[in-house]
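Structure below is model06.csv: CSV, C-alpha atoms.
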chain,number,residue,atom,x,y,z
A,1,MET,CA,112.9,114.1,118.8
A,2,SER,CA,115.0,115.2,115.9
A,3,TRP,CA,118.3,117.1,116.2
A,4,ASN,CA,116.8,120.3,114.7
A,5,LEU,CA,114.0,120.4,117.3
A,6,VAL,CA,116.4,119.9,120.1
A,7,GLN,CA,118.7,122.6,118.8
A,8,GLN,CA,115.8,125.0,118.1
A,9,MET,CA,116.5,125.1,114.4
A,10,VAL,CA,113.8,125.7,111.8
A,11,LEU,CA,113.7,125.0,108.1
A,12,ASP,CA,114.8,128.0,106.1
A,13,ARG,CA,115.0,126.9,102.5
A,14,ILE,CA,114.6,123.9,100.2
A,15,ALA,CA,116.5,123.7,96.9
A,16,ALA,CA,116.7,121.0,94.2
A,17,GLU,CA,118.9,120.7,91.2
A,18,PRO,CA,119.6,117.9,88.7
A,19,SER,CA,122.2,115.5,90.1
A,20,GLY,CA,125.5,115.1,88.3
A,21,VAL,CA,125.8,111.4,89.3
A,22,CYS,CA,123.0,108.9,88.5
A,23,ARG,CA,122.5,105.5,86.9
A,24,PRO,CA,121.7,105.3,83.2
A,25,ASP,CA,118.0,106.0,82.3
A,26,ALA,CA,117.3,107.5,85.7
A,27,ASP,CA,116.2,111.1,86.7
A,28,CYS,CA,118.2,112.0,89.8
A,29,TRP,CA,117.9,115.2,91.8
A,30,ASP,CA,120.0,116.6,94.6
A,31,VAL,CA,117.8,118.1,97.3
A,32,GLN,CA,119.3,120.5,99.8
A,33,LEU,CA,117.5,121.5,103.1
A,34,THR,CA,118.9,124.4,105.1
A,35,PHE,CA,118.0,124.9,108.8
A,36,ILE,CA,118.7,128.1,110.8
A,37,ASP,CA,118.3,129.2,114.4
A,38,PRO,CA,116.1,132.3,114.1
A,39,GLY,CA,117.2,133.6,117.5
A,40,GLN,CA,120.9,133.5,116.6
A,41,ARG,CA,120.9,134.1,112.9
A,42,LEU,CA,124.1,136.2,112.9
A,43,THR,CA,126.1,134.2,115.4
A,44,ARG,CA,125.2,130.5,114.7
A,45,ALA,CA,125.9,128.7,111.4
A,46,ALA,CA,123.1,127.2,109.4
A,47,LYS,CA,123.0,123.4,109.1
A,48,VAL,CA,122.6,122.0,105.6
A,49,TYR,CA,121.5,118.5,104.6
A,50,ARG,CA,121.9,117.2,101.0
A,51,PHE,CA,120.7,114.0,99.6
A,52,THR,CA,119.9,112.5,96.1
A,53,VAL,CA,116.6,111.2,95.0
A,54,ASP,CA,115.8,109.1,91.9
A,55,VAL,CA,112.4,110.3,90.6
A,56,SER,CA,112.2,108.3,87.4
A,57,GLU,CA,109.6,105.9,88.9
A,58,VAL,CA,106.2,106.6,90.5
A,59,ILE,CA,107.7,106.3,94.0
A,60,PRO,CA,110.9,108.4,94.5
A,61,VAL,CA,113.9,106.4,95.8
A,62,PRO,CA,116.8,107.9,97.8
A,63,VAL,CA,120.2,107.3,96.4
A,64,GLY,CA,123.4,107.2,98.5
A,65,MET,CA,124.0,108.8,101.9
A,66,VAL,CA,122.7,112.0,103.4
A,67,ARG,CA,125.5,114.6,103.7
A,68,SER,CA,125.5,117.5,106.1
A,69,TRP,CA,127.6,120.4,107.0
A,70,ASP,CA,127.5,123.8,108.7
A,71,MET,CA,127.3,126.9,106.5
Please lay out the structure from this file as structure tokens.
Amino acid sequence: MSWNLVQQMVLDRIAAEPSGVCRPDADCWDVQLTFIDPGQRLTRAAKVYRFTVDVSEVIPVPVGMVRSWDM
């Protein structure tokens, strides 16, 4: 069971923007997933996960580590 299911968090938003760091001739995007607890929206911080994906080939490839923080 994932952390978000145990903590009763749900996906609130997905955002993507071009990545500032990427290898030459690649098309990298930073993807950000934000999870919230709908029952405690005002008292509990949202959890954010951000990762980079290289989409220059047919199959996207993750680049680097997943970063997370409370917001």
Top pick for closest residue to A:Phe35, considering A:Asp12, A:Ser19, A:Thr52, A:Trp69 and counting all atoms listed in the file: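 Residue with the minimum atom-to-atom distance to A:Phe35: A:Asp12.
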Please identify all polymer residues lying at most 7 Å from the point (122.8, 119.9, 108.1) (file coordinates), using only C-alpha atoms, and present the result as a ChimeraX atom specification. /A:34-35,47-49,68-70
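Within 10 Å of A:Ala26, once all atoms listed in the file are used and residues closer than 3 positions along the same chain are dropped, the contacting residues are A:Cys22, A:Arg23, A:Trp29, A:Asp54, A:Val55, A:Ser56, A:Glu57.
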Using all atoms listed in the file, determine which residues lie at most 8 Å from A:Ile14, disregarding the query and same-chain residues fewer than 6 positions distant; provide the list as a ChimeraX atom specification. /A:31-34
Let me make sure I understand: among A:Asp37, A:Glu17, A:Asp25, A:Asp30, which one has the smallest atom-to-atom distance to A:Phe51 if we use all atoms listed in the file?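 Result for the nearest residue to A:Phe51: A:Asp30.
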So how many Å separate atom CA of A:Val66 and atom CA of A:Gln8, to one decimal?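 Taking atom CA of A:Val66 and atom CA of A:Gln8, their separation equals 20.8 Å.
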When distances are computed from only C-alpha atoms, which of A:Asp27, A:Ala46, A:Met71, A:Val21 shows the smallest separation from A:Val58? A:Asp27
Correct to one decimal, the distance atom CA of A:Gly20-atom CA of A:Val61 is 16.3 Å
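Residue nearest A:Ala16, chosen from A:Met65, A:Ile59, A:Val53, A:Ile36 and counting only C-alpha atoms: A:Val53.
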What does the distance between atom CA of A:Val10 and atom CA of A:Pro38 come to in Å, to one decimal place?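 If I compute the distance from atom CA of A:Val10 to atom CA of A:Pro38, I get 7.4 Å.
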Could I see stretch 16-35 of chain A restored to N, CA and C atoms, set down as a PDB file, in the frame of the given file?
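And here is the file that came out, selection-v6.pdb:
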ATOM      1  N   ALA A  16     116.491 122.265  94.966  1.00  0.00           N
ATOM      2  CA  ALA A  16     116.700 121.000  94.200  1.00  0.00           C
ATOM      3  C   ALA A  16     117.346 121.364  92.879  1.00  0.00           C
ATOM      4  N   GLU A  17     118.253 120.486  92.457  1.00  0.00           N
ATOM      5  CA  GLU A  17     118.900 120.700  91.200  1.00  0.00           C
ATOM      6  C   GLU A  17     119.218 119.276  90.594  1.00  0.00           C
ATOM      7  N   PRO A  18     119.293 119.158  89.272  1.00  0.00           N
ATOM      8  CA  PRO A  18     119.600 117.900  88.700  1.00  0.00           C
ATOM      9  C   PRO A  18     120.961 117.349  89.227  1.00  0.00           C
ATOM     10  N   SER A  19     121.008 116.068  89.534  1.00  0.00           N
ATOM     11  CA  SER A  19     122.200 115.500  90.100  1.00  0.00           C
ATOM     12  C   SER A  19     123.223 115.182  88.976  1.00  0.00           C
ATOM     13  N   GLY A  20     124.485 115.377  89.267  1.00  0.00           N
ATOM     14  CA  GLY A  20     125.500 115.100  88.300  1.00  0.00           C
ATOM     15  C   GLY A  20     125.904 113.606  88.248  1.00  0.00           C
ATOM     16  N   VAL A  21     125.468 112.845  89.256  1.00  0.00           N
ATOM     17  CA  VAL A  21     125.800 111.400  89.300  1.00  0.00           C
ATOM     18  C   VAL A  21     124.486 110.630  89.418  1.00  0.00           C
ATOM     19  N   CYS A  22     124.271 109.727  88.465  1.00  0.00           N
ATOM     20  CA  CYS A  22     123.000 108.900  88.500  1.00  0.00           C
ATOM     21  C   CYS A  22     123.231 107.736  87.553  1.00  0.00           C
ATOM     22  N   ARG A  23     122.459 106.696  87.806  1.00  0.00           N
ATOM     23  CA  ARG A  23     122.500 105.500  86.900  1.00  0.00           C
ATOM     24  C   ARG A  23     121.916 105.838  85.584  1.00  0.00           C
ATOM     25  N   PRO A  24     122.270 105.068  84.551  1.00  0.00           N
ATOM     26  CA  PRO A  24     121.700 105.300  83.200  1.00  0.00           C
ATOM     27  C   PRO A  24     120.170 105.196  83.238  1.00  0.00           C
ATOM     28  N   ASP A  25     119.506 105.990  82.437  1.00  0.00           N
ATOM     29  CA  ASP A  25     118.000 106.000  82.300  1.00  0.00           C
ATOM     30  C   ASP A  25     117.314 106.353  83.569  1.00  0.00           C
ATOM     31  N   ALA A  26     117.933 107.103  84.454  1.00  0.00           N
ATOM     32  CA  ALA A  26     117.300 107.500  85.700  1.00  0.00           C
ATOM     33  C   ALA A  26     117.221 109.068  85.697  1.00  0.00           C
ATOM     34  N   ASP A  27     116.353 109.606  86.515  1.00  0.00           N
ATOM     35  CA  ASP A  27     116.200 111.100  86.700  1.00  0.00           C
ATOM     36  C   ASP A  27     116.481 111.377  88.135  1.00  0.00           C
ATOM     37  N   CYS A  28     117.740 111.724  88.451  1.00  0.00           N
ATOM     38  CA  CYS A  28     118.200 112.000  89.800  1.00  0.00           C
ATOM     39  C   CYS A  28     118.273 113.456  90.120  1.00  0.00           C
ATOM     40  N   TRP A  29     117.845 113.830  91.321  1.00  0.00           N
ATOM     41  CA  TRP A  29     117.900 115.200  91.800  1.00  0.00           C
ATOM     42  C   TRP A  29     118.580 115.287  93.120  1.00  0.00           C
ATOM     43  N   ASP A  30     119.414 116.322  93.304  1.00  0.00           N
ATOM     44  CA  ASP A  30     120.000 116.600  94.600  1.00  0.00           C
ATOM     45  C   ASP A  30     119.105 117.591  95.326  1.00  0.00           C
ATOM     46  N   VAL A  31     118.678 117.228  96.527  1.00  0.00           N
ATOM     47  CA  VAL A  31     117.800 118.100  97.300  1.00  0.00           C
ATOM     48  C   VAL A  31     118.614 118.586  98.508  1.00  0.00           C
ATOM     49  N   GLN A  32     118.498 119.872  98.765  1.00  0.00           N
ATOM     50  CA  GLN A  32     119.300 120.500  99.800  1.00  0.00           C
ATOM     51  C   GLN A  32     118.279 121.214 100.796  1.00  0.00           C
ATOM     52  N   LEU A  33     118.329 120.836 102.075  1.00  0.00           N
ATOM     53  CA  LEU A  33     117.500 121.500 103.100  1.00  0.00           C
ATOM     54  C   LEU A  33     118.431 122.282 104.009  1.00  0.00           C
ATOM     55  N   THR A  34     118.077 123.533 104.249  1.00  0.00           N
ATOM     56  CA  THR A  34     118.900 124.400 105.100  1.00  0.00           C
ATOM     57  C   THR A  34     118.070 124.799 106.324  1.00  0.00           C
ATOM     58  N   PHE A  35     118.654 124.586 107.502  1.00  0.00           N
ATOM     59  CA  PHE A  35     118.000 124.900 108.800  1.00  0.00           C
ATOM     60  C   PHE A  35     118.797 126.034 109.455  1.00  0.00           C
TER      61      PHE A  35
END
